[in-house]
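For reference, the structure discussed in these notes is given below.
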Amino acid sequence: MTRHLVRRAADVPEPPYDELGHRRRELVGEDDGSAHTGFGVCEIRPGGRVAAHVHSYEESFHVLDGAVILDLPEGSYLLEEGDYGLLPTGVPHAWRGAAETGGRWADMLAPVPRARYGHDTQPVPPLPARDPVRIDVRDPRTRSFGHFEPAQLDPGKQSQDLLAVSASMRTALLVYSGITVKMMVDSDLGAVASTMFMVQYAPDGVAGTHDHPFEETYLFLEGVVDATFDGERYRLGPGDVAWAGAGCVHGFANAGTGPLRWLETQAPQPPPRHSYRFTRDWEYLKEALGS
């Protein structure tokens, strides 16, 4: 039974663009043994498009570079690098590449799309292609979107200005043991099946080995990490992807001299208690009982 996988950026072939100017590199999917996580990187050419459709799964996204236009029944939005958002199950939507740049984004699909059911996607009538507007994370009408800046992961740079682009206190920075976490998509944003957030390790940041009752995916964006998955060690860098299935014992350490940053997802959403099971705690109990 597969409980983890690692895909290095250099080893994943680039698929061709389809006839509409869109392509998606599947990095985690049904064939990998995943039940809850579909994860990939999408790219759309300037003027390209993805026709209107609906999914029977939840989709979260984070724009990695460039610019894209997201058409929804209530309006069209220009999304740029650092923007993220949630597309709930059953919401009609379409994508367009911004005229001059096109764009690239990571997507998280939960639960995993199933090939035997047409990847759980159905076409719908075209949506109006309105002139797009930028998202306003402080407007409750667009509260399913947000914006991330790397400075939001620096504990020494937190300010009211940064809070203003985070939409609410739900995205307050979590800081512990050389690790900072900035939540992006979770239940406060309306997600029910998954989470998406940004993680940064200081040069001395370490997370001891542990496991979860859910699946996690990691897209490494900056720095170098020494990662362990069920006793196998990997050194990973920008563009590499890893997936840990439920029960996979894993841990991380910053292997560089600068910050280490990655985009992380979880599915299904973590339970309110017992989300982490640390190896060190169970080894301590074994020693205590033995003595």
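Numbering starts fresh at 1 for the residues of each chain in the structure tokens, the chains themselves are lettered A, B, ... in the order given, and ligands are numbered from 1 as they appear.
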In stretch 70-254 of chain A, DSSP strand (DSSP E or B) residues written as a PDB file with N, CA and C atoms, in the first residue's frame:
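Once written, states26.pdb looks like this:
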ATOM      1  N   LEU A  70     -10.859  34.447 -13.551  1.00  0.00           N
ATOM      2  CA  LEU A  70     -11.813  33.436 -13.105  1.00  0.00           C
ATOM      3  C   LEU A  70     -13.218  33.982 -13.311  1.00  0.00           C
ATOM      4  N   ASP A  71     -13.988  33.306 -14.151  1.00  0.00           N
ATOM      5  CA  ASP A  71     -15.382  33.687 -14.397  1.00  0.00           C
ATOM      6  C   ASP A  71     -16.296  32.859 -13.499  1.00  0.00           C
ATOM      7  N   LEU A  72     -17.156  33.541 -12.752  1.00  0.00           N
ATOM      8  CA  LEU A  72     -18.142  32.924 -11.878  1.00  0.00           C
ATOM      9  C   LEU A  72     -19.516  33.485 -12.217  1.00  0.00           C
ATOM     10  N   GLY A  75     -19.689  37.174 -11.275  1.00  0.00           N
ATOM     11  CA  GLY A  75     -18.735  38.151 -11.779  1.00  0.00           C
ATOM     12  C   GLY A  75     -17.459  37.507 -12.263  1.00  0.00           C
ATOM     13  N   SER A  76     -16.555  38.342 -12.810  1.00  0.00           N
ATOM     14  CA  SER A  76     -15.253  37.893 -13.312  1.00  0.00           C
ATOM     15  C   SER A  76     -14.167  38.600 -12.509  1.00  0.00           C
ATOM     16  N   TYR A  77     -13.124  37.836 -12.145  1.00  0.00           N
ATOM     17  CA  TYR A  77     -12.098  38.354 -11.256  1.00  0.00           C
ATOM     18  C   TYR A  77     -10.714  38.144 -11.856  1.00  0.00           C
ATOM     19  N   LEU A  78      -9.890  39.189 -11.778  1.00  0.00           N
ATOM     20  CA  LEU A  78      -8.506  39.117 -12.192  1.00  0.00           C
ATOM     21  C   LEU A  78      -7.674  38.654 -11.005  1.00  0.00           C
ATOM     22  N   LEU A  79      -7.018  37.504 -11.156  1.00  0.00           N
ATOM     23  CA  LEU A  79      -6.218  36.919 -10.087  1.00  0.00           C
ATOM     24  C   LEU A  79      -4.753  36.982 -10.476  1.00  0.00           C
ATOM     25  N   GLU A  80      -3.927  37.501  -9.574  1.00  0.00           N
ATOM     26  CA  GLU A  80      -2.504  37.681  -9.837  1.00  0.00           C
ATOM     27  C   GLU A  80      -1.679  36.905  -8.824  1.00  0.00           C
ATOM     28  N   ASP A  83      -2.533  35.522  -5.110  1.00  0.00           N
ATOM     29  CA  ASP A  83      -3.958  35.372  -4.823  1.00  0.00           C
ATOM     30  C   ASP A  83      -4.316  33.896  -4.650  1.00  0.00           C
ATOM     31  N   TYR A  84      -5.313  33.637  -3.844  1.00  0.00           N
ATOM     32  CA  TYR A  84      -5.791  32.268  -3.654  1.00  0.00           C
ATOM     33  C   TYR A  84      -7.290  32.298  -3.446  1.00  0.00           C
ATOM     34  N   GLY A  85      -7.913  31.133  -3.500  1.00  0.00           N
ATOM     35  CA  GLY A  85      -9.346  31.104  -3.303  1.00  0.00           C
ATOM     36  C   GLY A  85      -9.914  29.709  -3.247  1.00  0.00           C
ATOM     37  N   LEU A  86     -11.216  29.656  -3.084  1.00  0.00           N
ATOM     38  CA  LEU A  86     -11.954  28.406  -2.929  1.00  0.00           C
ATOM     39  C   LEU A  86     -13.099  28.374  -3.929  1.00  0.00           C
ATOM     40  N   LEU A  87     -13.260  27.243  -4.607  1.00  0.00           N
ATOM     41  CA  LEU A  87     -14.407  26.980  -5.472  1.00  0.00           C
ATOM     42  C   LEU A  87     -15.177  25.814  -4.853  1.00  0.00           C
ATOM     43  N   HIS A  93     -17.816  27.526 -13.091  1.00  0.00           N
ATOM     44  CA  HIS A  93     -16.696  28.455 -13.231  1.00  0.00           C
ATOM     45  C   HIS A  93     -15.942  28.177 -14.517  1.00  0.00           C
ATOM     46  N   ALA A  94     -15.188  29.165 -14.953  1.00  0.00           N
ATOM     47  CA  ALA A  94     -14.348  29.049 -16.139  1.00  0.00           C
ATOM     48  C   ALA A  94     -13.098  29.877 -15.903  1.00  0.00           C
ATOM     49  N   TRP A  95     -12.027  29.531 -16.630  1.00  0.00           N
ATOM     50  CA  TRP A  95     -10.737  30.223 -16.496  1.00  0.00           C
ATOM     51  C   TRP A  95     -10.369  30.854 -17.829  1.00  0.00           C
ATOM     52  N   ARG A  96      -9.695  32.003 -17.746  1.00  0.00           N
ATOM     53  CA  ARG A  96      -9.129  32.637 -18.924  1.00  0.00           C
ATOM     54  C   ARG A  96      -7.706  33.098 -18.613  1.00  0.00           C
ATOM     55  N   GLY A  97      -6.839  33.070 -19.610  1.00  0.00           N
ATOM     56  CA  GLY A  97      -5.501  33.606 -19.449  1.00  0.00           C
ATOM     57  C   GLY A  97      -5.516  35.105 -19.680  1.00  0.00           C
ATOM     58  N   GLY A 103      -1.010  32.667 -17.006  1.00  0.00           N
ATOM     59  CA  GLY A 103      -0.651  32.445 -15.613  1.00  0.00           C
ATOM     60  C   GLY A 103      -0.514  30.978 -15.267  1.00  0.00           C
ATOM     61  N   ARG A 104      -0.054  30.752 -14.042  1.00  0.00           N
ATOM     62  CA  ARG A 104       0.196  29.400 -13.541  1.00  0.00           C
ATOM     63  C   ARG A 104      -0.308  29.347 -12.112  1.00  0.00           C
ATOM     64  N   TRP A 105      -1.035  28.276 -11.781  1.00  0.00           N
ATOM     65  CA  TRP A 105      -1.566  28.157 -10.430  1.00  0.00           C
ATOM     66  C   TRP A 105      -1.542  26.702  -9.981  1.00  0.00           C
ATOM     67  N   ALA A 106      -1.435  26.522  -8.657  1.00  0.00           N
ATOM     68  CA  ALA A 106      -1.551  25.195  -8.045  1.00  0.00           C
ATOM     69  C   ALA A 106      -3.001  24.977  -7.669  1.00  0.00           C
ATOM     70  N   ASP A 107      -3.481  23.740  -7.879  1.00  0.00           N
ATOM     71  CA  ASP A 107      -4.852  23.446  -7.461  1.00  0.00           C
ATOM     72  C   ASP A 107      -4.888  22.214  -6.563  1.00  0.00           C
ATOM     73  N   MET A 108      -5.818  22.267  -5.627  1.00  0.00           N
ATOM     74  CA  MET A 108      -6.065  21.182  -4.686  1.00  0.00           C
ATOM     75  C   MET A 108      -7.510  20.748  -4.855  1.00  0.00           C
ATOM     76  N   LEU A 109      -7.723  19.461  -5.154  1.00  0.00           N
ATOM     77  CA  LEU A 109      -9.040  18.923  -5.448  1.00  0.00           C
ATOM     78  C   LEU A 109      -9.372  17.864  -4.406  1.00  0.00           C
ATOM     79  N   ALA A 110     -10.484  18.049  -3.692  1.00  0.00           N
ATOM     80  CA  ALA A 110     -10.809  17.135  -2.603  1.00  0.00           C
ATOM     81  C   ALA A 110     -12.314  16.858  -2.567  1.00  0.00           C
ATOM     82  N   THR A 121     -16.377  15.749 -13.361  1.00  0.00           N
ATOM     83  CA  THR A 121     -16.503  17.091 -13.932  1.00  0.00           C
ATOM     84  C   THR A 121     -17.543  17.063 -15.055  1.00  0.00           C
ATOM     85  N   GLN A 122     -18.400  18.089 -15.098  1.00  0.00           N
ATOM     86  CA  GLN A 122     -19.422  18.187 -16.130  1.00  0.00           C
ATOM     87  C   GLN A 122     -19.391  19.581 -16.750  1.00  0.00           C
ATOM     88  N   PRO A 123     -19.514  19.667 -18.091  1.00  0.00           N
ATOM     89  CA  PRO A 123     -19.600  20.985 -18.721  1.00  0.00           C
ATOM     90  C   PRO A 123     -20.950  21.634 -18.440  1.00  0.00           C
ATOM     91  N   VAL A 133     -12.476  42.289 -12.522  1.00  0.00           N
ATOM     92  CA  VAL A 133     -12.074  43.228 -11.477  1.00  0.00           C
ATOM     93  C   VAL A 133     -11.149  42.499 -10.518  1.00  0.00           C
ATOM     94  N   ARG A 134     -10.303  43.262  -9.820  1.00  0.00           N
ATOM     95  CA  ARG A 134      -9.441  42.671  -8.801  1.00  0.00           C
ATOM     96  C   ARG A 134     -10.273  42.269  -7.592  1.00  0.00           C
ATOM     97  N   PHE A 145     -11.980  34.530  -1.426  1.00  0.00           N
ATOM     98  CA  PHE A 145     -10.653  34.782  -1.989  1.00  0.00           C
ATOM     99  C   PHE A 145      -9.750  35.400  -0.928  1.00  0.00           C
ATOM    100  N   GLY A 146      -8.453  35.360  -1.191  1.00  0.00           N
ATOM    101  CA  GLY A 146      -7.488  36.010  -0.322  1.00  0.00           C
ATOM    102  C   GLY A 146      -6.218  36.311  -1.080  1.00  0.00           C
ATOM    103  N   HIS A 147      -5.284  36.933  -0.393  1.00  0.00           N
ATOM    104  CA  HIS A 147      -4.000  37.269  -1.008  1.00  0.00           C
ATOM    105  C   HIS A 147      -2.887  36.995  -0.011  1.00  0.00           C
ATOM    106  N   LEU A 174       0.688  31.720  12.855  1.00  0.00           N
ATOM    107  CA  LEU A 174       1.006  30.739  13.889  1.00  0.00           C
ATOM    108  C   LEU A 174       2.516  30.548  13.903  1.00  0.00           C
ATOM    109  N   VAL A 175       3.143  30.764  15.050  1.00  0.00           N
ATOM    110  CA  VAL A 175       4.596  30.710  15.159  1.00  0.00           C
ATOM    111  C   VAL A 175       4.982  29.730  16.265  1.00  0.00           C
ATOM    112  N   TYR A 176       5.881  28.771  15.940  1.00  0.00           N
ATOM    113  CA  TYR A 176       6.364  27.854  16.966  1.00  0.00           C
ATOM    114  C   TYR A 176       7.654  27.197  16.503  1.00  0.00           C
ATOM    115  N   ILE A 179       9.123  27.657  13.136  1.00  0.00           N
ATOM    116  CA  ILE A 179       8.178  27.381  12.057  1.00  0.00           C
ATOM    117  C   ILE A 179       7.060  28.416  12.113  1.00  0.00           C
ATOM    118  N   THR A 180       6.702  28.972  10.967  1.00  0.00           N
ATOM    119  CA  THR A 180       5.551  29.869  10.886  1.00  0.00           C
ATOM    120  C   THR A 180       4.563  29.324   9.869  1.00  0.00           C
ATOM    121  N   VAL A 181       3.279  29.468  10.165  1.00  0.00           N
ATOM    122  CA  VAL A 181       2.206  28.939   9.324  1.00  0.00           C
ATOM    123  C   VAL A 181       1.189  30.048   9.080  1.00  0.00           C
ATOM    124  N   LYS A 182       0.817  30.249   7.816  1.00  0.00           N
ATOM    125  CA  LYS A 182      -0.194  31.232   7.447  1.00  0.00           C
ATOM    126  C   LYS A 182      -1.338  30.499   6.756  1.00  0.00           C
ATOM    127  N   MET A 183      -2.481  30.410   7.442  1.00  0.00           N
ATOM    128  CA  MET A 183      -3.627  29.716   6.865  1.00  0.00           C
ATOM    129  C   MET A 183      -4.188  30.523   5.702  1.00  0.00           C
ATOM    130  N   MET A 184      -4.597  29.808   4.642  1.00  0.00           N
ATOM    131  CA  MET A 184      -5.189  30.445   3.475  1.00  0.00           C
ATOM    132  C   MET A 184      -6.624  29.968   3.291  1.00  0.00           C
ATOM    133  N   VAL A 185      -6.806  28.695   2.993  1.00  0.00           N
ATOM    134  CA  VAL A 185      -8.152  28.148   2.777  1.00  0.00           C
ATOM    135  C   VAL A 185      -8.465  27.168   3.899  1.00  0.00           C
ATOM    136  N   THR A 195      -7.864  21.886   3.447  1.00  0.00           N
ATOM    137  CA  THR A 195      -7.241  23.145   3.843  1.00  0.00           C
ATOM    138  C   THR A 195      -6.062  23.409   2.915  1.00  0.00           C
ATOM    139  N   MET A 196      -5.659  24.682   2.823  1.00  0.00           N
ATOM    140  CA  MET A 196      -4.465  25.076   2.081  1.00  0.00           C
ATOM    141  C   MET A 196      -3.796  26.208   2.858  1.00  0.00           C
ATOM    142  N   PHE A 197      -2.470  26.101   3.038  1.00  0.00           N
ATOM    143  CA  PHE A 197      -1.771  27.121   3.807  1.00  0.00           C
ATOM    144  C   PHE A 197      -0.307  27.175   3.399  1.00  0.00           C
ATOM    145  N   MET A 198       0.391  28.238   3.856  1.00  0.00           N
ATOM    146  CA  MET A 198       1.805  28.422   3.557  1.00  0.00           C
ATOM    147  C   MET A 198       2.608  28.173   4.831  1.00  0.00           C
ATOM    148  N   VAL A 199       3.758  27.508   4.663  1.00  0.00           N
ATOM    149  CA  VAL A 199       4.619  27.153   5.777  1.00  0.00           C
ATOM    150  C   VAL A 199       6.019  27.695   5.513  1.00  0.00           C
ATOM    151  N   GLN A 200       6.661  28.233   6.558  1.00  0.00           N
ATOM    152  CA  GLN A 200       8.055  28.666   6.432  1.00  0.00           C
ATOM    153  C   GLN A 200       8.853  28.190   7.634  1.00  0.00           C
ATOM    154  N   TYR A 201      10.055  27.661   7.359  1.00  0.00           N
ATOM    155  CA  TYR A 201      10.979  27.236   8.406  1.00  0.00           C
ATOM    156  C   TYR A 201      12.150  28.211   8.445  1.00  0.00           C
ATOM    157  N   VAL A 206      12.711  22.700  12.578  1.00  0.00           N
ATOM    158  CA  VAL A 206      12.614  21.240  12.519  1.00  0.00           C
ATOM    159  C   VAL A 206      11.225  20.824  13.005  1.00  0.00           C
ATOM    160  N   ALA A 207      10.628  19.852  12.314  1.00  0.00           N
ATOM    161  CA  ALA A 207       9.405  19.203  12.788  1.00  0.00           C
ATOM    162  C   ALA A 207       9.717  17.718  12.955  1.00  0.00           C
ATOM    163  N   GLY A 208       9.629  17.221  14.183  1.00  0.00           N
ATOM    164  CA  GLY A 208       9.917  15.818  14.442  1.00  0.00           C
ATOM    165  C   GLY A 208       8.932  14.904  13.745  1.00  0.00           C
ATOM    166  N   THR A 209       9.301  13.637  13.622  1.00  0.00           N
ATOM    167  CA  THR A 209       8.459  12.691  12.891  1.00  0.00           C
ATOM    168  C   THR A 209       7.105  12.518  13.587  1.00  0.00           C
ATOM    169  N   HIS A 210       6.062  12.447  12.742  1.00  0.00           N
ATOM    170  CA  HIS A 210       4.688  12.357  13.219  1.00  0.00           C
ATOM    171  C   HIS A 210       3.825  11.847  12.081  1.00  0.00           C
ATOM    172  N   ASP A 211       2.581  11.532  12.377  1.00  0.00           N
ATOM    173  CA  ASP A 211       1.641  11.167  11.324  1.00  0.00           C
ATOM    174  C   ASP A 211       0.281  11.764  11.634  1.00  0.00           C
ATOM    175  N   GLU A 215      -4.516  13.122   4.626  1.00  0.00           N
ATOM    176  CA  GLU A 215      -3.449  13.213   3.638  1.00  0.00           C
ATOM    177  C   GLU A 215      -2.907  14.639   3.573  1.00  0.00           C
ATOM    178  N   GLU A 216      -1.608  14.756   3.316  1.00  0.00           N
ATOM    179  CA  GLU A 216      -0.979  16.060   3.150  1.00  0.00           C
ATOM    180  C   GLU A 216      -0.165  16.091   1.861  1.00  0.00           C
ATOM    181  N   THR A 217      -0.139  17.261   1.225  1.00  0.00           N
ATOM    182  CA  THR A 217       0.674  17.483   0.034  1.00  0.00           C
ATOM    183  C   THR A 217       1.531  18.715   0.256  1.00  0.00           C
ATOM    184  N   TYR A 218       2.755  18.698  -0.296  1.00  0.00           N
ATOM    185  CA  TYR A 218       3.708  19.786  -0.118  1.00  0.00           C
ATOM    186  C   TYR A 218       4.303  20.157  -1.475  1.00  0.00           C
ATOM    187  N   LEU A 219       4.162  21.422  -1.868  1.00  0.00           N
ATOM    188  CA  LEU A 219       4.830  21.962  -3.049  1.00  0.00           C
ATOM    189  C   LEU A 219       5.906  22.906  -2.551  1.00  0.00           C
ATOM    190  N   PHE A 220       7.175  22.516  -2.708  1.00  0.00           N
ATOM    191  CA  PHE A 220       8.277  23.299  -2.172  1.00  0.00           C
ATOM    192  C   PHE A 220       8.576  24.471  -3.093  1.00  0.00           C
ATOM    193  N   LEU A 221       8.663  25.670  -2.509  1.00  0.00           N
ATOM    194  CA  LEU A 221       8.777  26.904  -3.278  1.00  0.00           C
ATOM    195  C   LEU A 221      10.116  27.610  -3.096  1.00  0.00           C
ATOM    196  N   GLU A 222      10.729  27.465  -1.936  1.00  0.00           N
ATOM    197  CA  GLU A 222      11.965  28.199  -1.643  1.00  0.00           C
ATOM    198  C   GLU A 222      12.791  27.408  -0.633  1.00  0.00           C
ATOM    199  N   VAL A 225      15.037  21.271   1.857  1.00  0.00           N
ATOM    200  CA  VAL A 225      14.514  20.553   3.008  1.00  0.00           C
ATOM    201  C   VAL A 225      15.054  19.128   3.024  1.00  0.00           C
ATOM    202  N   ASP A 226      15.377  18.644   4.210  1.00  0.00           N
ATOM    203  CA  ASP A 226      15.595  17.218   4.435  1.00  0.00           C
ATOM    204  C   ASP A 226      14.281  16.649   4.950  1.00  0.00           C
ATOM    205  N   ALA A 227      13.667  15.800   4.150  1.00  0.00           N
ATOM    206  CA  ALA A 227      12.355  15.247   4.483  1.00  0.00           C
ATOM    207  C   ALA A 227      12.470  13.750   4.699  1.00  0.00           C
ATOM    208  N   THR A 228      11.705  13.235   5.649  1.00  0.00           N
ATOM    209  CA  THR A 228      11.641  11.801   5.929  1.00  0.00           C
ATOM    210  C   THR A 228      10.202  11.341   5.813  1.00  0.00           C
ATOM    211  N   PHE A 229       9.988  10.275   5.035  1.00  0.00           N
ATOM    212  CA  PHE A 229       8.664   9.682   4.891  1.00  0.00           C
ATOM    213  C   PHE A 229       8.799   8.182   5.141  1.00  0.00           C
ATOM    214  N   GLU A 232      12.289   6.763   4.865  1.00  0.00           N
ATOM    215  CA  GLU A 232      13.061   7.088   3.668  1.00  0.00           C
ATOM    216  C   GLU A 232      13.376   8.586   3.662  1.00  0.00           C
ATOM    217  N   ARG A 233      14.642   8.917   3.381  1.00  0.00           N
ATOM    218  CA  ARG A 233      15.092  10.304   3.452  1.00  0.00           C
ATOM    219  C   ARG A 233      15.225  10.886   2.044  1.00  0.00           C
ATOM    220  N   TYR A 234      14.823  12.158   1.916  1.00  0.00           N
ATOM    221  CA  TYR A 234      14.896  12.870   0.642  1.00  0.00           C
ATOM    222  C   TYR A 234      15.389  14.287   0.900  1.00  0.00           C
ATOM    223  N   ARG A 235      16.196  14.800  -0.007  1.00  0.00           N
ATOM    224  CA  ARG A 235      16.526  16.228  -0.011  1.00  0.00           C
ATOM    225  C   ARG A 235      15.785  16.855  -1.177  1.00  0.00           C
ATOM    226  N   LEU A 236      14.920  17.834  -0.869  1.00  0.00           N
ATOM    227  CA  LEU A 236      14.013  18.388  -1.860  1.00  0.00           C
ATOM    228  C   LEU A 236      14.172  19.898  -1.935  1.00  0.00           C
ATOM    229  N   VAL A 241       7.607  18.046  -5.241  1.00  0.00           N
ATOM    230  CA  VAL A 241       6.319  17.802  -4.577  1.00  0.00           C
ATOM    231  C   VAL A 241       6.401  16.505  -3.792  1.00  0.00           C
ATOM    232  N   ALA A 242       5.778  16.486  -2.626  1.00  0.00           N
ATOM    233  CA  ALA A 242       5.675  15.260  -1.839  1.00  0.00           C
ATOM    234  C   ALA A 242       4.247  15.118  -1.340  1.00  0.00           C
ATOM    235  N   TRP A 243       3.852  13.881  -1.124  1.00  0.00           N
ATOM    236  CA  TRP A 243       2.523  13.568  -0.605  1.00  0.00           C
ATOM    237  C   TRP A 243       2.670  12.522   0.488  1.00  0.00           C
ATOM    238  N   ALA A 244       2.009  12.755   1.617  1.00  0.00           N
ATOM    239  CA  ALA A 244       1.988  11.812   2.729  1.00  0.00           C
ATOM    240  C   ALA A 244       0.564  11.353   2.947  1.00  0.00           C
ATOM    241  N   HIS A 250       6.223  11.112   8.998  1.00  0.00           N
ATOM    242  CA  HIS A 250       7.049  12.042   8.248  1.00  0.00           C
ATOM    243  C   HIS A 250       7.573  13.162   9.149  1.00  0.00           C
ATOM    244  N   GLY A 251       8.656  13.796   8.703  1.00  0.00           N
ATOM    245  CA  GLY A 251       9.252  14.908   9.434  1.00  0.00           C
ATOM    246  C   GLY A 251      10.097  15.745   8.500  1.00  0.00           C
ATOM    247  N   PHE A 252      10.440  16.974   8.933  1.00  0.00           N
ATOM    248  CA  PHE A 252      11.153  17.911   8.073  1.00  0.00           C
ATOM    249  C   PHE A 252      12.206  18.675   8.864  1.00  0.00           C
ATOM    250  N   ALA A 253      13.283  19.048   8.168  1.00  0.00           N
ATOM    251  CA  ALA A 253      14.303  19.929   8.739  1.00  0.00           C
ATOM    252  C   ALA A 253      14.828  20.827   7.632  1.00  0.00           C
ATOM    253  N   ASN A 254      14.994  22.108   7.938  1.00  0.00           N
ATOM    254  CA  ASN A 254      15.571  23.041   6.983  1.00  0.00           C
ATOM    255  C   ASN A 254      17.023  22.654   6.755  1.00  0.00           C
TER     256      ASN A 254
END
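Near A:Val12, within 9 Å and counting only C-alpha atoms, sit Arg25, Glu26 and Leu27 of chain A; same-chain residues fewer than 6 positions away were not included.
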Can those selected residues be exported to a file as an mmCIF file, in the first residue's frame so that it contains all heavy atoms?
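The resulting file, again.cif, is reproduced below:
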data_model
loop_
_atom_site.group_PDB
_atom_site.id
_atom_site.type_symbol
_atom_site.label_atom_id
_atom_site.label_comp_id
_atom_site.auth_asym_id
_atom_site.auth_seq_id
_atom_site.Cartn_x
_atom_site.Cartn_y
_atom_site.Cartn_z
ATOM 1 N N ARG A 25 -0.360 19.699 -15.016
ATOM 2 C CA ARG A 25 0.547 18.630 -14.603
ATOM 3 C C ARG A 25 -0.036 17.990 -13.341
ATOM 4 O O ARG A 25 -0.092 18.625 -12.289
ATOM 5 C CB ARG A 25 1.942 19.176 -14.299
ATOM 6 C CG ARG A 25 2.637 19.836 -15.464
ATOM 7 C CD ARG A 25 3.900 20.541 -15.025
ATOM 8 N NE ARG A 25 4.911 19.586 -14.571
ATOM 9 C CZ ARG A 25 6.000 19.949 -13.880
ATOM 10 N NH1 ARG A 25 6.179 21.208 -13.521
ATOM 11 N NH2 ARG A 25 6.892 19.044 -13.530
ATOM 12 N N GLU A 26 -0.488 16.763 -13.459
ATOM 13 C CA GLU A 26 -1.006 16.074 -12.275
ATOM 14 C C GLU A 26 0.171 15.585 -11.442
ATOM 15 O O GLU A 26 1.012 14.825 -11.918
ATOM 16 C CB GLU A 26 -1.891 14.896 -12.662
ATOM 17 C CG GLU A 26 -2.497 14.203 -11.453
ATOM 18 C CD GLU A 26 -3.469 13.104 -11.824
ATOM 19 O OE1 GLU A 26 -3.001 11.978 -12.044
ATOM 20 O OE2 GLU A 26 -4.673 13.395 -11.902
ATOM 21 N N LEU A 27 0.211 16.003 -10.184
ATOM 22 C CA LEU A 27 1.316 15.648 -9.297
ATOM 23 C C LEU A 27 0.896 14.649 -8.233
ATOM 24 O O LEU A 27 1.720 13.880 -7.751
ATOM 25 C CB LEU A 27 1.880 16.917 -8.652
ATOM 26 C CG LEU A 27 2.433 17.925 -9.671
ATOM 27 C CD1 LEU A 27 2.783 19.236 -8.983
ATOM 28 C CD2 LEU A 27 3.651 17.356 -10.396
#
Please provide as a ChimeraX atom specification all residues within 12 Å of A:Gly47, with the sequence filter that same-chain residues fewer than 3 positions apart are discarded (counting only C-alpha atoms).
/A:19-22,43-44,50,67-69,95-103
Those selected residues, please, written with C-alpha atoms and delivered as an mmCIF file, in the first residue's frame.
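The resulting part.cif:
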data_model
loop_
_atom_site.group_PDB
_atom_site.id
_atom_site.type_symbol
_atom_site.label_atom_id
_atom_site.label_comp_id
_atom_site.auth_asym_id
_atom_site.auth_seq_id
_atom_site.Cartn_x
_atom_site.Cartn_y
_atom_site.Cartn_z
ATOM 1 C CA GLU A 19 -6.765 23.115 -28.052
ATOM 2 C CA LEU A 20 -7.887 25.962 -25.758
ATOM 3 C CA GLY A 21 -4.381 26.806 -24.492
ATOM 4 C CA HIS A 22 -4.534 25.110 -21.072
ATOM 5 C CA GLU A 43 -0.897 26.765 -16.822
ATOM 6 C CA ILE A 44 -2.868 28.845 -19.291
ATOM 7 C CA VAL A 50 -10.976 26.548 -19.745
ATOM 8 C CA ALA A 67 -2.338 36.462 -14.081
ATOM 9 C CA VAL A 68 -5.561 34.578 -14.804
ATOM 10 C CA ILE A 69 -9.231 35.482 -14.984
ATOM 11 C CA TRP A 95 -10.737 30.223 -16.496
ATOM 12 C CA ARG A 96 -9.129 32.637 -18.924
ATOM 13 C CA GLY A 97 -5.501 33.606 -19.449
ATOM 14 C CA ALA A 98 -4.833 37.315 -18.963
ATOM 15 C CA ALA A 99 -4.238 38.809 -22.405
ATOM 16 C CA GLU A 100 -0.561 39.716 -21.977
ATOM 17 C CA THR A 101 0.813 37.160 -19.549
ATOM 18 C CA GLY A 102 -1.264 34.073 -18.959
ATOM 19 C CA GLY A 103 -0.651 32.445 -15.613
#
Name the residues of stretch 253-285 of chain A that fall into helix (DSSP H, G or I) according to DSSP on the backbone, using the chain letters and numbers of this document, as a PyMOL selection string.
chain A and resi 279-285
Skip A:Val91 itself and residues of its chain fewer than 3 positions away, then list as a VMD selection string all residues within 9 Å of it, counting only C-alpha atoms.
chain A and resid 53 to 55 72 to 73 87 to 88
Atom CA of A:Pro16 to atom CA of A:Gly245, straight-line distance in Å
29.0 Å
